[in-house]
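*Asks:* Before I ask anything, here is the structure I am working with.
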Amino acid sequence: MTTAKAHANIALIKYWGKQDEKLFLPFTSSLSLTLDQLYTITTVSRDPHLTEDVFVLNGIKQDESETIKLSKFVDFFRRNNEHVRIESVNSFATAAGLASSASGYAALAKALNHEFEWNYDDRHLSTITRKGSGSATRSLFGGFAVWQTGDDETSFGYPLMVDMDIVMVIGVVDDTKKSHSSRSMMKTTVEQSAYFKAWVQQSEIDFKDMMEAVHDRDLIKIGTIAERNAMMMHATLLANAVPYFYIQPKSLEIIQLVSSLREQGILAYYTMDAGPNVKIITDSKHQAMVVNALLSILDSENIIVTKPGPKAAIV
Ligand code: DP6
């Protein structure tokens, strides 16, 4: 039996679109921050009496379709057709745009690697984790992490090892399971969006600029690029054959609040993923002011304040 813990990550340069659906090879490199407060703890146990895999999430046994997804992932590690019981607990709402698939697959990969005694290093493990969920590639690593484009062997994740004072304040606008998954919407966008080519071109430039900004520990530059990159991702969705937007009225209110905070000299930038929640980038000096302002829109239980988190580990 092995238990592993992995933290969710929020992308500052987004992964949005696969060049290869089967191998999970992204069009562009992405860069994220792993977060302290959002994590998944997963226990994998082998049981010779099991006739099929079992998946229990937050205490609830999952149905066949959810279990099959994980079984396919377990196949990358399984020896001798042994079945496993997977028990996962998230510290936060599942599938609500808070990167539960990232921490989920990273924790599972870490646990399976240990349980089946493969002992792959994190770089190699990330190329397998990628095939569970792309963004999970980055959740194996702590702090700022990159997932680079490449082929099956070279599209791996790695940590940037940059320590800095950065805080994310998450405004949970809606924590129910979303109707349009990032997986399906990014596929539709690749196939349909008139802006997809432009997204790929600009995102490559944003990635290089963001790498520089992180190495320079320049939070204003990090925030500025993150904001633009996120909105460009959302713009690709608006240009689909049937336009789609994850941004809800409350998300927009928060976005406007962030702009007005900045006008008052408070360091705050926002980013959004495939969901209505807004993540505000700030530092420890400004975090209380950001939270205070956000309380005019959200209740305190819908505000999560988090710092950079550690790499995935066996616990
Ligand atoms: C908007 O990693 O959930 O959060 O690879 O199909 O599992 P799959 O997609 P997923 O997509 C994440 C998209 C994003 C941006 C990001 O995290 O980089």
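Residues in the structure tokens are named by chain (A, B, ... in the order shown) and by number from 1 within that chain; ligands are numbered from 1 in the order shown.
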Which residues in stretch 123-296 of chain A does DSSP call alpha helix (DSSP H)? List them as a VMD selection string.

*Replies:* chain A and resid 123 to 129 136 to 139 182 to 192 196 to 215 219 to 238 249 to 263 287 to 294

*Asks:* Can I get the residues of chain A within 6 Å of ligand 1, each with the closest pair of atoms and their distance in Å to one decimal, using only C-alpha atoms and all ligand atoms, sorted chain first then ascending number, as a Markdown table?

*Replies:*
| residue | atom | partner | partner_atom_place_in_ligand_line | distance |
| --- | --- | --- | --- | --- |
| A:Ile10 | CA | ligand 1 | 17 (O) | 5.9 |
| A:Ala11 | CA | ligand 1 | 18 (O) | 4.7 |
| A:Lys14 | CA | ligand 1 | 18 (O) | 3.8 |
| A:Tyr15 | CA | ligand 1 | 18 (O) | 3.6 |
| A:Trp16 | CA | ligand 1 | 13 (C) | 5.8 |
| A:Ser101 | CA | ligand 1 | 3 (O) | 5.9 |
| A:Ser133 | CA | ligand 1 | 7 (O) | 3.4 |
| A:Gly134 | CA | ligand 1 | 5 (O) | 3.4 |
| A:Ser135 | CA | ligand 1 | 2 (O) | 3.7 |
| A:Ser182 | CA | ligand 1 | 11 (O) | 5.1 |
| A:Arg183 | CA | ligand 1 | 6 (O) | 3.7 |
| A:Asp273 | CA | ligand 1 | 1 (C) | 4.2 |
| A:Ala274 | CA | ligand 1 | 1 (C) | 4.6 |

*Asks:* Counting only C-alpha atoms, which residues of stretch 134-208 of chain A sit at most 9 Å from some atom of stretch 293-303 of chain A, and what is each one's closest atom pair with its distance in Å to one decimal, listed by chain and rising residue number, as CSV?

*Replies:*
residue,atom,partner,partner_atom,distance
A:Val169,CA,A:Ile303,CA,6.8
A:Ile170,CA,A:Ile303,CA,5.6
A:Gly171,CA,A:Ile303,CA,5.0
A:Val172,CA,A:Asn302,CA,5.0
A:Val173,CA,A:Asn302,CA,7.3
A:Asp174,CA,A:Asn302,CA,8.7
A:Asp175,CA,A:Asn302,CA,8.9

*Asks:* Restricting the output to C-alpha atoms, write the selected residues as a compact mmCIF listing (two decimals), in the first residue's frame.

*Replies:*
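Saved file again_17.txt follows:
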# COMPACT_ATOMS: atom_id res chain seq x y z
CA VAL A 169 -5.95 34.49 -3.74
CA ILE A 170 -8.61 32.27 -5.29
CA GLY A 171 -12.11 33.60 -5.65
CA VAL A 172 -14.43 30.60 -5.84
CA VAL A 173 -17.35 31.87 -7.90
CA ASP A 174 -18.86 28.43 -8.41
CA ASP A 175 -17.57 25.13 -7.04

*Asks:* Check the smallest atom-to-atom distance from each of A:Ile128, A:Leu57, A:Leu98, A:Met272 to A:Ser155 using only C-alpha atoms, then report the winner.

*Replies:* A:Ile128

*Asks:* Go through A:Tyr269, A:Phe196, A:Phe27, A:Phe77 and flag the residue nearest A:Tyr120, using only C-alpha atoms for the distances.

*Replies:* A:Phe77

*Asks:* Which of these residues is nearest to A:Phe141, using only C-alpha atoms: A:Ala8, A:Ala198, A:Val54, A:Val74?

*Replies:* A:Ala8

*Asks:* Enumerate the residues of stretch 64-181 of chain A with a DSSP assignment of strand (DSSP E), computed from the backbone, and present them as a PDB file with all heavy atoms, in the first residue's frame.

*Replies:*
ATOM      1  N   VAL A  84      -6.171  -2.881  -8.508  1.00  0.00           N
ATOM      2  CA  VAL A  84      -5.846  -1.980  -7.395  1.00  0.00           C
ATOM      3  C   VAL A  84      -7.087  -1.275  -6.866  1.00  0.00           C
ATOM      4  O   VAL A  84      -8.100  -1.115  -7.568  1.00  0.00           O
ATOM      5  CB  VAL A  84      -4.832  -0.881  -7.826  1.00  0.00           C
ATOM      6  CG1 VAL A  84      -3.477  -1.471  -8.135  1.00  0.00           C
ATOM      7  CG2 VAL A  84      -5.348  -0.048  -8.994  1.00  0.00           C
ATOM      8  N   ARG A  85      -6.956  -0.873  -5.624  1.00  0.00           N
ATOM      9  CA  ARG A  85      -7.968  -0.014  -5.024  1.00  0.00           C
ATOM     10  C   ARG A  85      -7.330   1.362  -4.888  1.00  0.00           C
ATOM     11  O   ARG A  85      -6.226   1.495  -4.354  1.00  0.00           O
ATOM     12  CB  ARG A  85      -8.338  -0.582  -3.654  1.00  0.00           C
ATOM     13  CG  ARG A  85      -9.410   0.193  -2.932  1.00  0.00           C
ATOM     14  CD  ARG A  85      -9.697  -0.440  -1.559  1.00  0.00           C
ATOM     15  NE  ARG A  85     -10.513   0.493  -0.784  1.00  0.00           N
ATOM     16  CZ  ARG A  85     -11.843   0.544  -0.847  1.00  0.00           C
ATOM     17  NH1 ARG A  85     -12.507  -0.291  -1.609  1.00  0.00           N
ATOM     18  NH2 ARG A  85     -12.520   1.427  -0.143  1.00  0.00           N
ATOM     19  N   ILE A  86      -8.015   2.377  -5.411  1.00  0.00           N
ATOM     20  CA  ILE A  86      -7.481   3.741  -5.370  1.00  0.00           C
ATOM     21  C   ILE A  86      -8.407   4.575  -4.501  1.00  0.00           C
ATOM     22  O   ILE A  86      -9.613   4.664  -4.779  1.00  0.00           O
ATOM     23  CB  ILE A  86      -7.436   4.353  -6.790  1.00  0.00           C
ATOM     24  CG1 ILE A  86      -6.550   3.517  -7.713  1.00  0.00           C
ATOM     25  CG2 ILE A  86      -6.964   5.810  -6.753  1.00  0.00           C
ATOM     26  CD1 ILE A  86      -6.742   3.848  -9.186  1.00  0.00           C
ATOM     27  N   GLU A  87      -7.850   5.151  -3.461  1.00  0.00           N
ATOM     28  CA  GLU A  87      -8.666   6.023  -2.609  1.00  0.00           C
ATOM     29  C   GLU A  87      -8.078   7.416  -2.616  1.00  0.00           C
ATOM     30  O   GLU A  87      -6.929   7.610  -2.225  1.00  0.00           O
ATOM     31  CB  GLU A  87      -8.726   5.468  -1.192  1.00  0.00           C
ATOM     32  CG  GLU A  87      -9.852   4.474  -1.049  1.00  0.00           C
ATOM     33  CD  GLU A  87     -10.124   4.109   0.394  1.00  0.00           C
ATOM     34  OE1 GLU A  87     -10.696   4.937   1.117  1.00  0.00           O
ATOM     35  OE2 GLU A  87      -9.734   2.999   0.763  1.00  0.00           O
ATOM     36  N   SER A  88      -8.870   8.392  -3.086  1.00  0.00           N
ATOM     37  CA  SER A  88      -8.372   9.757  -3.205  1.00  0.00           C
ATOM     38  C   SER A  88      -9.229  10.717  -2.399  1.00  0.00           C
ATOM     39  O   SER A  88     -10.452  10.576  -2.350  1.00  0.00           O
ATOM     40  CB  SER A  88      -8.452  10.222  -4.665  1.00  0.00           C
ATOM     41  OG  SER A  88      -7.308   9.833  -5.351  1.00  0.00           O
ATOM     42  N   VAL A  89      -8.568  11.690  -1.812  1.00  0.00           N
ATOM     43  CA  VAL A  89      -9.291  12.759  -1.120  1.00  0.00           C
ATOM     44  C   VAL A  89      -8.726  14.090  -1.607  1.00  0.00           C
ATOM     45  O   VAL A  89      -7.506  14.293  -1.611  1.00  0.00           O
ATOM     46  CB  VAL A  89      -9.127  12.639   0.416  1.00  0.00           C
ATOM     47  CG1 VAL A  89      -9.839  13.779   1.117  1.00  0.00           C
ATOM     48  CG2 VAL A  89      -9.663  11.302   0.917  1.00  0.00           C
ATOM     49  N   ASN A  90      -9.606  14.966  -2.044  1.00  0.00           N
ATOM     50  CA  ASN A  90      -9.182  16.314  -2.454  1.00  0.00           C
ATOM     51  C   ASN A  90      -9.404  17.285  -1.302  1.00  0.00           C
ATOM     52  O   ASN A  90     -10.393  17.172  -0.575  1.00  0.00           O
ATOM     53  CB  ASN A  90     -10.026  16.810  -3.644  1.00  0.00           C
ATOM     54  CG  ASN A  90      -9.644  16.118  -4.939  1.00  0.00           C
ATOM     55  OD1 ASN A  90      -8.531  15.619  -5.078  1.00  0.00           O
ATOM     56  ND2 ASN A  90     -10.566  16.101  -5.877  1.00  0.00           N
ATOM     57  N   PHE A 144       7.318  27.111  -9.095  1.00  0.00           N
ATOM     58  CA  PHE A 144       7.123  27.347 -10.527  1.00  0.00           C
ATOM     59  C   PHE A 144       7.571  26.107 -11.294  1.00  0.00           C
ATOM     60  O   PHE A 144       8.665  25.584 -11.050  1.00  0.00           O
ATOM     61  CB  PHE A 144       7.965  28.538 -10.989  1.00  0.00           C
ATOM     62  CG  PHE A 144       7.496  29.856 -10.450  1.00  0.00           C
ATOM     63  CD1 PHE A 144       8.128  30.450  -9.365  1.00  0.00           C
ATOM     64  CD2 PHE A 144       6.416  30.521 -11.029  1.00  0.00           C
ATOM     65  CE1 PHE A 144       7.695  31.674  -8.859  1.00  0.00           C
ATOM     66  CE2 PHE A 144       5.973  31.742 -10.531  1.00  0.00           C
ATOM     67  CZ  PHE A 144       6.612  32.316  -9.447  1.00  0.00           C
ATOM     68  N   ALA A 145       6.713  25.645 -12.213  1.00  0.00           N
ATOM     69  CA  ALA A 145       7.062  24.453 -12.992  1.00  0.00           C
ATOM     70  C   ALA A 145       6.692  24.647 -14.450  1.00  0.00           C
ATOM     71  O   ALA A 145       5.743  25.364 -14.779  1.00  0.00           O
ATOM     72  CB  ALA A 145       6.341  23.229 -12.433  1.00  0.00           C
ATOM     73  N   VAL A 146       7.467  23.996 -15.299  1.00  0.00           N
ATOM     74  CA  VAL A 146       7.260  24.074 -16.747  1.00  0.00           C
ATOM     75  C   VAL A 146       6.868  22.703 -17.274  1.00  0.00           C
ATOM     76  O   VAL A 146       7.322  21.684 -16.761  1.00  0.00           O
ATOM     77  CB  VAL A 146       8.575  24.534 -17.442  1.00  0.00           C
ATOM     78  CG1 VAL A 146       8.551  24.252 -18.944  1.00  0.00           C
ATOM     79  CG2 VAL A 146       8.832  26.005 -17.181  1.00  0.00           C
ATOM     80  N   TRP A 147       6.013  22.689 -18.270  1.00  0.00           N
ATOM     81  CA  TRP A 147       5.783  21.475 -19.067  1.00  0.00           C
ATOM     82  C   TRP A 147       6.077  21.875 -20.504  1.00  0.00           C
ATOM     83  O   TRP A 147       5.413  22.748 -21.057  1.00  0.00           O
ATOM     84  CB  TRP A 147       4.342  21.004 -18.906  1.00  0.00           C
ATOM     85  CG  TRP A 147       3.914  19.942 -19.892  1.00  0.00           C
ATOM     86  CD1 TRP A 147       4.707  19.013 -20.515  1.00  0.00           C
ATOM     87  CD2 TRP A 147       2.586  19.711 -20.366  1.00  0.00           C
ATOM     88  NE1 TRP A 147       3.955  18.215 -21.346  1.00  0.00           N
ATOM     89  CE2 TRP A 147       2.651  18.623 -21.269  1.00  0.00           C
ATOM     90  CE3 TRP A 147       1.338  20.311 -20.114  1.00  0.00           C
ATOM     91  CZ2 TRP A 147       1.522  18.133 -21.927  1.00  0.00           C
ATOM     92  CZ3 TRP A 147       0.221  19.817 -20.773  1.00  0.00           C
ATOM     93  CH2 TRP A 147       0.322  18.736 -21.658  1.00  0.00           C
ATOM     94  N   GLY A 157       7.979  17.586 -17.671  1.00  0.00           N
ATOM     95  CA  GLY A 157       7.904  18.734 -16.776  1.00  0.00           C
ATOM     96  C   GLY A 157       9.192  18.894 -16.001  1.00  0.00           C
ATOM     97  O   GLY A 157       9.965  17.941 -15.862  1.00  0.00           O
ATOM     98  N   TYR A 158       9.434  20.096 -15.516  1.00  0.00           N
ATOM     99  CA  TYR A 158      10.599  20.332 -14.652  1.00  0.00           C
ATOM    100  C   TYR A 158      10.358  21.573 -13.798  1.00  0.00           C
ATOM    101  O   TYR A 158       9.593  22.453 -14.179  1.00  0.00           O
ATOM    102  CB  TYR A 158      11.894  20.446 -15.474  1.00  0.00           C
ATOM    103  CG  TYR A 158      11.924  21.574 -16.487  1.00  0.00           C
ATOM    104  CD1 TYR A 158      12.424  22.836 -16.154  1.00  0.00           C
ATOM    105  CD2 TYR A 158      11.453  21.385 -17.782  1.00  0.00           C
ATOM    106  CE1 TYR A 158      12.465  23.860 -17.090  1.00  0.00           C
ATOM    107  CE2 TYR A 158      11.482  22.405 -18.721  1.00  0.00           C
ATOM    108  CZ  TYR A 158      11.996  23.638 -18.367  1.00  0.00           C
ATOM    109  OH  TYR A 158      12.014  24.653 -19.284  1.00  0.00           O
ATOM    110  N   PRO A 159      11.018  21.647 -12.646  1.00  0.00           N
ATOM    111  CA  PRO A 159      10.819  22.795 -11.755  1.00  0.00           C
ATOM    112  C   PRO A 159      11.782  23.927 -12.093  1.00  0.00           C
ATOM    113  O   PRO A 159      12.892  23.668 -12.578  1.00  0.00           O
ATOM    114  CB  PRO A 159      11.160  22.216 -10.382  1.00  0.00           C
ATOM    115  CG  PRO A 159      12.160  21.139 -10.666  1.00  0.00           C
ATOM    116  CD  PRO A 159      11.886  20.612 -12.043  1.00  0.00           C
ATOM    117  N   VAL A 167       1.729  35.151  -3.844  1.00  0.00           N
ATOM    118  CA  VAL A 167       0.545  34.615  -3.166  1.00  0.00           C
ATOM    119  C   VAL A 167      -0.576  34.533  -4.201  1.00  0.00           C
ATOM    120  O   VAL A 167      -0.703  35.416  -5.059  1.00  0.00           O
ATOM    121  CB  VAL A 167       0.120  35.542  -2.002  1.00  0.00           C
ATOM    122  CG1 VAL A 167      -1.208  35.095  -1.393  1.00  0.00           C
ATOM    123  CG2 VAL A 167       1.204  35.587  -0.919  1.00  0.00           C
ATOM    124  N   MET A 168      -1.372  33.470  -4.141  1.00  0.00           N
ATOM    125  CA  MET A 168      -2.558  33.413  -4.994  1.00  0.00           C
ATOM    126  C   MET A 168      -3.799  33.472  -4.120  1.00  0.00           C
ATOM    127  O   MET A 168      -3.915  32.707  -3.161  1.00  0.00           O
ATOM    128  CB  MET A 168      -2.561  32.150  -5.828  1.00  0.00           C
ATOM    129  CG  MET A 168      -2.362  32.474  -7.293  1.00  0.00           C
ATOM    130  SD  MET A 168      -2.630  31.085  -8.347  1.00  0.00           S
ATOM    131  CE  MET A 168      -1.455  31.505  -9.628  1.00  0.00           C
ATOM    132  N   VAL A 169      -4.676  34.385  -4.448  1.00  0.00           N
ATOM    133  CA  VAL A 169      -5.949  34.489  -3.742  1.00  0.00           C
ATOM    134  C   VAL A 169      -7.014  33.987  -4.729  1.00  0.00           C
ATOM    135  O   VAL A 169      -7.196  34.568  -5.798  1.00  0.00           O
ATOM    136  CB  VAL A 169      -6.235  35.940  -3.323  1.00  0.00           C
ATOM    137  CG1 VAL A 169      -7.597  36.037  -2.643  1.00  0.00           C
ATOM    138  CG2 VAL A 169      -5.137  36.465  -2.406  1.00  0.00           C
ATOM    139  N   ILE A 170      -7.654  32.885  -4.365  1.00  0.00           N
ATOM    140  CA  ILE A 170      -8.610  32.273  -5.287  1.00  0.00           C
ATOM    141  C   ILE A 170     -10.028  32.671  -4.907  1.00  0.00           C
ATOM    142  O   ILE A 170     -10.452  32.474  -3.764  1.00  0.00           O
ATOM    143  CB  ILE A 170      -8.462  30.738  -5.270  1.00  0.00           C
ATOM    144  CG1 ILE A 170      -7.022  30.372  -5.652  1.00  0.00           C
ATOM    145  CG2 ILE A 170      -9.468  30.083  -6.218  1.00  0.00           C
ATOM    146  CD1 ILE A 170      -6.721  28.893  -5.584  1.00  0.00           C
ATOM    147  N   GLY A 171     -10.718  33.235  -5.858  1.00  0.00           N
ATOM    148  CA  GLY A 171     -12.112  33.598  -5.653  1.00  0.00           C
ATOM    149  C   GLY A 171     -12.973  32.488  -6.238  1.00  0.00           C
ATOM    150  O   GLY A 171     -13.032  32.314  -7.463  1.00  0.00           O
TER     151      GLY A 171
END

*Asks:* Near A:Pro243, counting only C-alpha atoms, which residues have an atom at most 12 Å away, once you skip same-chain residues fewer than 6 positions from it, shown as number ranges by chain?

*Replies:* A: 185, 188-189, 192-195, 234-237

*Asks:* When you count only C-alpha atoms, which of these residues is closest to A:Val258: A:Asn292, A:Ser91, A:Thr137, A:Ser179?

*Replies:*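 Among the listed residues, the smallest separation from A:Val258 belongs to A:Asn292.
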
*Asks:* Find the residues near A:Asp218: any atom within 12 Å, counting only C-alpha atoms, skip ones fewer than 6 places away on the same chain, and give them as a list in words.

*Replies:*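 So the residues in contact are Val162, Asp163, Met164, Asp165, Ile166, Asp209, Met210, Met211, Glu212, Thr224, Ile225, Leu267, Thr282 and Asp283 of chain A.
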
*Asks:* Rank A:Gly143, A:Gly265, A:Gly275, A:Pro249 by their smallest atom-to-atom distance to A:Asn9, using only C-alpha atoms, and report the top residue only.

*Replies:* A:Gly143

*Asks:* Nearest to A:Ala6: which of A:His114, A:His49, A:Arg217, A:Arg138 is it, counting only C-alpha atoms?

*Replies:*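 For A:Ala6, the nearest of the candidates is A:Arg138.
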
*Asks:* Figure out the distance between atom CA of A:Gln201 and atom CA of A:Ile281, please, to one decimal in Å.

*Replies:* 24.5 Å

*Asks:* Taking 2 positions as the minimum chain separation for residues in the same chain, which residues sit within 7 Å of A:Leu35 when counting only C-alpha atoms? Answer as a list in words.

*Replies:* His7, Ala8, Asn9, Leu33, Gln37, Leu38, Thr306, Lys307, Pro308 and Gly309 of chain A
